[in-house]
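Visitor: Contents of data08.csv (CSV, N, CA and C atoms) are below:
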chain,number,residue,atom,x,y,z
Z,16,MET,N,-53.0,191.6,-164.4
Z,16,MET,CA,-54.4,191.4,-164.3
Z,16,MET,C,-54.6,189.8,-164.1
Z,17,ILE,N,-55.7,189.5,-163.4
Z,17,ILE,CA,-56.0,188.1,-163.2
Z,17,ILE,C,-57.0,187.6,-164.2
Z,18,TYR,N,-56.7,186.5,-164.9
Z,18,TYR,CA,-57.7,185.9,-165.8
Z,18,TYR,C,-58.0,184.5,-165.3
Z,19,VAL,N,-59.3,184.2,-165.2
Z,19,VAL,CA,-59.7,182.8,-164.8
Z,19,VAL,C,-60.1,182.0,-165.9
Z,20,SER,N,-59.6,180.8,-166.0
Z,20,SER,CA,-60.0,179.8,-167.0
Z,20,SER,C,-60.9,178.8,-166.3
Z,21,GLN,N,-62.1,178.6,-166.8
Z,21,GLN,CA,-63.0,177.6,-166.3
Z,21,GLN,C,-63.2,176.6,-167.4
Z,22,SER,N,-62.8,175.4,-167.1
Z,22,SER,CA,-62.9,174.3,-168.1
Z,22,SER,C,-63.8,173.2,-167.7
Z,23,ARG,N,-64.5,172.6,-168.6
Z,23,ARG,CA,-65.4,171.5,-168.4
Z,23,ARG,C,-64.8,170.3,-169.1
Z,24,ASP,N,-64.6,169.1,-168.4
Z,24,ASP,CA,-64.1,167.9,-169.0
Z,24,ASP,C,-65.1,167.3,-170.0
Z,25,LYS,N,-64.6,166.7,-171.0
Z,25,LYS,CA,-65.5,165.9,-171.9
Z,25,LYS,C,-66.1,164.7,-171.0
Z,26,PRO,N,-67.3,164.4,-171.2
Z,26,PRO,CA,-67.9,163.3,-170.5
Z,26,PRO,C,-67.1,162.0,-170.7
Z,27,GLY,N,-67.0,161.2,-169.6
Z,27,GLY,CA,-66.3,159.9,-169.7
Z,27,GLY,C,-64.8,160.0,-169.9
Z,28,HIS,N,-64.2,161.1,-169.6
Z,28,HIS,CA,-62.8,161.3,-169.7
Z,28,HIS,C,-62.0,161.3,-168.4
Z,29,LEU,N,-62.5,160.8,-167.3
Z,29,LEU,CA,-61.8,160.8,-166.0
Z,29,LEU,C,-60.5,160.1,-166.1
Z,30,GLN,N,-60.4,159.0,-166.9
Z,30,GLN,CA,-59.2,158.2,-167.0
Z,30,GLN,C,-58.1,159.1,-167.6
Z,31,LEU,N,-58.4,159.9,-168.7
Z,31,LEU,CA,-57.5,160.7,-169.3
Z,31,LEU,C,-57.0,161.8,-168.3
Z,32,ARG,N,-57.9,162.3,-167.5
Z,32,ARG,CA,-57.5,163.3,-166.5
Z,32,ARG,C,-56.5,162.7,-165.6
Z,33,MET,N,-56.8,161.5,-165.1
Z,33,MET,CA,-55.9,160.9,-164.1
Z,33,MET,C,-54.5,160.6,-164.7
Z,34,GLU,N,-54.5,160.1,-166.0
Z,34,GLU,CA,-53.3,159.8,-166.6
Z,34,GLU,C,-52.4,161.0,-166.9
Z,35,THR,N,-53.1,162.2,-167.1
Z,35,THR,CA,-52.4,163.4,-167.5
Z,35,THR,C,-52.1,164.3,-166.2
Z,36,ARG,N,-52.6,163.9,-165.1
Z,36,ARG,CA,-52.5,164.7,-163.9
Z,36,ARG,C,-51.1,165.0,-163.5
Z,37,PRO,N,-50.1,164.1,-163.5
Z,37,PRO,CA,-48.7,164.5,-163.1
Z,37,PRO,C,-48.1,165.6,-163.9
Z,38,GLU,N,-48.3,165.5,-165.3
Z,38,GLU,CA,-47.8,166.6,-166.1
Z,38,GLU,C,-48.5,167.9,-165.9
Z,39,HIS,N,-49.8,167.8,-165.6
Z,39,HIS,CA,-50.6,169.0,-165.3
Z,39,HIS,C,-50.1,169.7,-164.1
Z,40,LEU,N,-49.9,168.9,-163.0
Z,40,LEU,CA,-49.4,169.5,-161.8
Z,40,LEU,C,-48.0,170.0,-161.9
Z,41,ALA,N,-47.1,169.4,-162.7
Z,41,ALA,CA,-45.8,169.9,-163.0
Z,41,ALA,C,-45.9,171.3,-163.7
Z,42,TYR,N,-46.8,171.4,-164.6
Z,42,TYR,CA,-47.0,172.6,-165.4
Z,42,TYR,C,-47.5,173.7,-164.4
Z,43,LEU,N,-48.4,173.4,-163.5
Z,43,LEU,CA,-48.9,174.4,-162.6
Z,43,LEU,C,-47.7,174.8,-161.6
Z,44,ASP,N,-46.9,173.9,-161.2
Z,44,ASP,CA,-45.7,174.2,-160.4
Z,44,ASP,C,-44.8,175.2,-161.1
Z,45,ARG,N,-44.6,175.0,-162.4
Z,45,ARG,CA,-43.7,175.9,-163.2
Z,45,ARG,C,-44.4,177.3,-163.2
Z,46,LEU,N,-45.7,177.3,-163.5
Z,46,LEU,CA,-46.3,178.6,-163.5
Z,46,LEU,C,-46.3,179.3,-162.2
Z,47,ASN,N,-46.4,178.6,-161.1
Z,47,ASN,CA,-46.3,179.1,-159.8
Z,47,ASN,C,-44.9,179.7,-159.5
Z,48,ALA,N,-43.9,179.0,-159.9
Z,48,ALA,CA,-42.5,179.5,-159.7
Z,48,ALA,C,-42.3,180.7,-160.5
Z,49,GLU,N,-43.0,180.9,-161.7
Z,49,GLU,CA,-42.8,182.1,-162.5
Z,49,GLU,C,-43.7,183.2,-162.1
Z,50,GLY,N,-44.5,183.0,-161.1
Z,50,GLY,CA,-45.4,184.1,-160.7
Z,50,GLY,C,-46.6,184.3,-161.5
Z,51,LYS,N,-47.0,183.2,-162.4
Z,51,LYS,CA,-48.1,183.3,-163.3
Z,51,LYS,C,-49.3,182.6,-162.7
Z,52,LEU,N,-49.2,181.8,-161.7
Z,52,LEU,CA,-50.4,181.1,-161.1
Z,52,LEU,C,-50.9,181.8,-159.9
Z,53,VAL,N,-52.2,182.1,-159.9
Z,53,VAL,CA,-52.8,182.7,-158.7
Z,53,VAL,C,-53.4,181.7,-157.8
Z,54,PHE,N,-54.2,180.8,-158.4
Z,54,PHE,CA,-54.8,179.7,-157.7
Z,54,PHE,C,-55.3,178.7,-158.7
Z,55,ALA,N,-55.6,177.4,-158.3
Z,55,ALA,CA,-56.1,176.4,-159.2
Z,55,ALA,C,-56.7,175.3,-158.5
Z,56,GLY,N,-57.6,174.6,-159.1
Z,56,GLY,CA,-58.2,173.4,-158.5
Z,56,GLY,C,-59.3,172.9,-159.4
Z,57,PRO,N,-59.7,171.6,-159.2
Z,57,PRO,CA,-60.8,171.0,-160.0
Z,57,PRO,C,-62.2,171.3,-159.5
Z,58,PHE,N,-63.1,171.3,-160.5
Z,58,PHE,CA,-64.5,171.2,-160.2
Z,58,PHE,C,-64.8,169.8,-159.9
Z,59,LEU,N,-65.8,169.5,-159.0
Z,59,LEU,CA,-66.2,168.1,-158.7
Z,59,LEU,C,-67.6,167.9,-159.1
Z,60,ASP,N,-67.9,166.6,-159.5
Z,60,ASP,CA,-69.3,166.2,-159.8
Z,60,ASP,C,-70.0,165.8,-158.5
Z,61,ASP,N,-71.2,165.4,-158.6
Z,61,ASP,CA,-72.0,165.0,-157.4
Z,61,ASP,C,-71.4,163.8,-156.7
Z,62,GLU,N,-70.5,163.1,-157.3
Z,62,GLU,CA,-69.9,161.9,-156.6
Z,62,GLU,C,-68.5,162.3,-156.1
Z,63,GLY,N,-68.1,163.6,-156.2
Z,63,GLY,CA,-66.9,164.1,-155.7
Z,63,GLY,C,-65.7,163.8,-156.6
Z,64,LYS,N,-66.0,163.4,-157.9
Z,64,LYS,CA,-64.9,163.2,-158.8
Z,64,LYS,C,-64.6,164.4,-159.7
Z,65,PRO,N,-63.4,164.7,-160.0
Z,65,PRO,CA,-63.1,165.9,-160.8
Z,65,PRO,C,-63.8,165.8,-162.2
Z,66,CYS,N,-64.3,167.0,-162.6
Z,66,CYS,CA,-65.0,167.0,-163.9
Z,66,CYS,C,-64.7,168.3,-164.7
Z,67,GLY,N,-63.7,169.1,-164.2
Z,67,GLY,CA,-63.4,170.3,-164.8
Z,67,GLY,C,-62.3,171.0,-164.0
Z,68,SER,N,-61.9,172.2,-164.4
Z,68,SER,CA,-60.8,172.9,-163.7
Z,68,SER,C,-61.1,174.4,-163.7
Z,69,MET,N,-60.6,175.0,-162.6
Z,69,MET,CA,-60.5,176.5,-162.5
Z,69,MET,C,-59.1,176.8,-162.3
Z,70,VAL,N,-58.5,177.7,-163.1
Z,70,VAL,CA,-57.2,178.1,-163.0
Z,70,VAL,C,-57.2,179.6,-163.2
Z,71,ALA,N,-56.5,180.3,-162.2
Z,71,ALA,CA,-56.4,181.8,-162.3
Z,71,ALA,C,-54.9,182.1,-162.6
Z,72,TYR,N,-54.8,182.9,-163.7
Z,72,TYR,CA,-53.4,183.3,-164.2
Z,72,TYR,C,-53.2,184.7,-163.9
Z,73,GLU,N,-52.0,185.1,-163.6
Z,73,GLU,CA,-51.5,186.5,-163.7
Z,73,GLU,C,-51.0,186.7,-165.1
Z,74,ALA,N,-51.7,187.5,-165.8
Z,74,ALA,CA,-51.3,187.7,-167.2
Z,74,ALA,C,-51.4,189.2,-167.6
Z,75,GLU,N,-50.7,189.6,-168.6
Z,75,GLU,CA,-50.7,191.0,-169.1
Z,75,GLU,C,-51.9,191.2,-170.1
Z,76,SER,N,-52.4,190.1,-170.6
Z,76,SER,CA,-53.5,190.2,-171.6
Z,76,SER,C,-54.3,188.9,-171.7
Z,77,ARG,N,-55.5,189.0,-172.3
Z,77,ARG,CA,-56.3,187.8,-172.5
Z,77,ARG,C,-55.5,186.8,-173.4
Z,78,GLU,N,-54.8,187.3,-174.4
Z,78,GLU,CA,-54.0,186.5,-175.3
Z,78,GLU,C,-53.0,185.7,-174.5
Z,79,GLU,N,-52.3,186.3,-173.6
Z,79,GLU,CA,-51.3,185.6,-172.8
Z,79,GLU,C,-52.0,184.6,-171.9
Z,80,ALA,N,-53.1,184.9,-171.3
Z,80,ALA,CA,-53.9,183.9,-170.5
Z,80,ALA,C,-54.3,182.7,-171.4
Z,81,GLU,N,-54.7,183.0,-172.6
Z,81,GLU,CA,-55.1,181.9,-173.5
Z,81,GLU,C,-53.9,181.0,-173.8
Z,82,LYS,N,-52.8,181.6,-174.1
Z,82,LYS,CA,-51.6,180.8,-174.3
Z,82,LYS,C,-51.2,179.9,-173.2
Z,83,LEU,N,-51.3,180.5,-171.9
Z,83,LEU,CA,-51.0,179.7,-170.7
Z,83,LEU,C,-52.0,178.5,-170.6
Z,84,ALA,N,-53.3,178.8,-170.8
Z,84,ALA,CA,-54.3,177.8,-170.7
Z,84,ALA,C,-54.2,176.7,-171.8
Z,85,ASN,N,-53.8,177.1,-173.0
Z,85,ASN,CA,-53.7,176.2,-174.1
Z,85,ASN,C,-52.4,175.3,-174.0
Z,86,ALA,N,-51.4,175.8,-173.2
Z,86,ALA,CA,-50.2,175.0,-173.0
Z,86,ALA,C,-50.4,174.0,-171.8
Z,87,ASP,N,-51.5,174.0,-171.1
Z,87,ASP,CA,-51.7,173.1,-170.0
Z,87,ASP,C,-51.8,171.6,-170.6
Z,88,PRO,N,-51.1,170.7,-170.0
Z,88,PRO,CA,-51.2,169.3,-170.5
Z,88,PRO,C,-52.6,168.8,-170.6
Z,89,TYR,N,-53.5,169.2,-169.7
Z,89,TYR,CA,-54.9,168.7,-169.9
Z,89,TYR,C,-55.5,169.2,-171.2
Z,90,ALA,N,-55.2,170.5,-171.6
Z,90,ALA,CA,-55.7,171.0,-172.8
Z,90,ALA,C,-55.0,170.3,-174.0
Z,91,LEU,N,-53.7,170.1,-173.9
Z,91,LEU,CA,-53.0,169.4,-175.0
Z,91,LEU,C,-53.5,168.0,-175.2
Z,92,ALA,N,-53.9,167.4,-174.1
Z,92,ALA,CA,-54.4,166.0,-174.2
Z,92,ALA,C,-55.8,165.9,-174.8
Z,93,GLY,N,-56.5,167.0,-174.9
Z,93,GLY,CA,-57.9,167.0,-175.4
Z,93,GLY,C,-58.9,166.7,-174.4
Z,94,LEU,N,-58.6,167.0,-173.1
Z,94,LEU,CA,-59.5,166.6,-172.0
Z,94,LEU,C,-60.8,167.5,-172.0
Z,95,PHE,N,-60.7,168.8,-172.4
Z,95,PHE,CA,-61.7,169.7,-172.1
Z,95,PHE,C,-62.8,169.7,-173.3
Z,96,ASP,N,-64.0,169.8,-172.8
Z,96,ASP,CA,-65.2,169.9,-173.7
Z,96,ASP,C,-65.4,171.4,-174.0
Z,97,SER,N,-65.1,172.3,-173.0
Z,97,SER,CA,-65.3,173.7,-173.2
Z,97,SER,C,-64.3,174.4,-172.2
Z,98,VAL,N,-63.9,175.6,-172.7
Z,98,VAL,CA,-63.0,176.5,-171.9
Z,98,VAL,C,-63.5,177.9,-172.0
Z,99,GLU,N,-63.6,178.6,-170.9
Z,99,GLU,CA,-64.0,180.0,-170.9
Z,99,GLU,C,-62.9,180.8,-170.1
Z,100,ILE,N,-62.4,181.8,-170.7
Z,100,ILE,CA,-61.3,182.6,-170.0
Z,100,ILE,C,-61.9,184.1,-169.9
Z,101,ARG,N,-61.9,184.5,-168.6
Z,101,ARG,CA,-62.4,185.9,-168.4
Z,101,ARG,C,-61.5,186.6,-167.4
Z,102,PRO,N,-61.4,188.0,-167.5
Z,102,PRO,CA,-60.7,188.8,-166.5
Z,102,PRO,C,-61.5,188.7,-165.2
Z,103,TRP,N,-60.8,188.8,-164.1
Z,103,TRP,CA,-61.4,188.7,-162.8
Z,103,TRP,C,-60.8,189.6,-161.8
Z,104,ASN,N,-61.6,190.3,-161.0
Z,104,ASN,CA,-61.2,191.2,-160.0
Z,104,ASN,C,-61.4,190.6,-158.6
Z,105,TRP,N,-60.2,190.3,-157.9
Z,105,TRP,CA,-60.3,189.7,-156.6
Z,105,TRP,C,-60.5,190.8,-155.6
Z,106,VAL,N,-61.7,190.9,-155.0
Z,106,VAL,CA,-62.1,191.9,-154.1
Z,106,VAL,C,-62.0,191.5,-152.6
Z,107,TYR,N,-62.7,190.4,-152.3
Z,107,TYR,CA,-62.7,190.0,-150.9
Z,107,TYR,C,-61.7,188.9,-150.6
Z,108,ASN,N,-61.1,188.9,-149.4
Z,108,ASN,CA,-60.2,187.9,-148.9
Z,108,ASN,C,-59.0,187.7,-149.7
Z,109,LYS,N,-58.6,188.7,-150.4
Z,109,LYS,CA,-57.4,188.7,-151.2
Z,109,LYS,C,-56.2,188.7,-150.3
Z,110,PRO,N,-55.3,187.7,-150.5
Z,110,PRO,CA,-54.1,187.7,-149.6
Z,110,PRO,C,-53.2,188.8,-149.9
Z,111,GLU,N,-52.6,189.4,-148.9
Z,111,GLU,CA,-51.6,190.5,-149.1
Z,111,GLU,C,-50.3,189.9,-149.6
Z,112,LYS,N,-49.8,190.6,-150.6
Z,112,LYS,CA,-48.4,190.2,-151.1
Z,112,LYS,C,-47.4,190.7,-150.1
Z,113,GLY,N,-46.4,189.8,-149.8
Z,113,GLY,CA,-45.4,190.1,-148.8
Z,113,GLY,C,-44.1,190.5,-149.3
Written as structure tokens, that's how I'd like the structure from this file.

Guide:
Amino acid sequence: MIYVSQSRDKPGHLQLRMETRPEHLAYLDRLNAEGKLVFAGPFLDDEGKPCGSMVAYEAESREEAEKLANADPYALAGLFDSVEIRPWNWVYNKPEKG
């Protein structure tokens, strides 16, 4: 099942996001190689600067998705003000697995 994590950055923490970004991207690369990453990307503020994240995980349970989200370097660095994880059903424009 797909679980989507929607995270909002703490106000004024763009520098922490940028400093932690290389570790975050390496973590997402590992998840992708393991078949656990469905898609990911930042939310942007009105100035086009990142202010949160959306990450979709392939997980067996909400608990597994929470563990994956909590292991993200952004989460470990204390970047997020809030995190919501919900199951998601991809209906339209879903890529076919090859």

Visitor: Contacts of Tyr18 (chain Z) at 12 Å or less, counting only C-alpha atoms, minus same-chain residues fewer than 3 places along, as a PyMOL selection string?

Guide: chain Z and resi 21+51-55+69-84+99-105

Visitor: Which one of Z:Leu43, Z:Gly67, Z:Asp87, Z:Pro110 sits closest to Lys25 (chain Z) if you count only N, CA and C atoms?

Guide: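 Of all the options, Z:Gly67 lies closest to Lys25 (chain Z).
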
Visitor: Go through chain Z and collect every residue that DSSP, computed from the backbone, puts in alpha helix (DSSP H); the answer should be as a PyMOL selection string.

Guide: chain Z and resi 29-48+77-85+88-91

Visitor: Produce the centre coordinates and the three edge lengths, each in Å to one decimal, of the box along x, y and z that contains all listed atoms of region 36-55 of chain Z with 4 Å added on each side, as lines of an AutoDock Vina configuration file.

Guide:
center_x = -49.5
center_y = 174.1
center_z = -161.9
size_x = 22.4
size_y = 28.4
size_z = 16.4

Visitor: Would you pick out the contacts of Arg32 (chain Z) at 8 Å or less, using only N, CA and C atoms, so that residues sharing its chain but fewer than 5 positions from it are not included, and give the list as a PyMOL selection string?

Guide: chain Z and resi 27+37+89+94

Visitor: Using only C-alpha atoms, pick whichever of Z:Ser68, Z:Glu34, Z:Leu29, Z:Ala86 has the shortest atom-to-atom distance to Leu46 (chain Z).

Guide: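 The closest residue to Leu46 (chain Z) is Z:Ala86.
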
Visitor: Using Å and a single decimal, report how far atom N of Asp44 (chain Z) sits from atom N of Met16 (chain Z).

Guide: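 Between atom N of Met16 (chain Z) and atom N of Asp44 (chain Z) the gap is 19.0 Å.
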
Visitor: Check the smallest atom-to-atom distance from each of Z:Ala48, Z:Arg36, Z:His28, Z:Pro88 to Pro65 (chain Z) using all atoms listed in the file, then report the winner.

Guide: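 Using all atoms listed in the file, Pro65 (chain Z) sits closest to Z:His28.
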
Visitor: Would you mind reading off the distance between CA of Val106 (chain Z) and CA of Lys64 (chain Z), one decimal, in Å?

Guide: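 Answer for the CA of Val106 (chain Z) to CA of Lys64 (chain Z) separation: 29.2 Å.
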
Visitor: Any idea what the distance is between atom N of His39 (chain Z) and atom C of Asp60 (chain Z)?

Guide: 21.5 Å
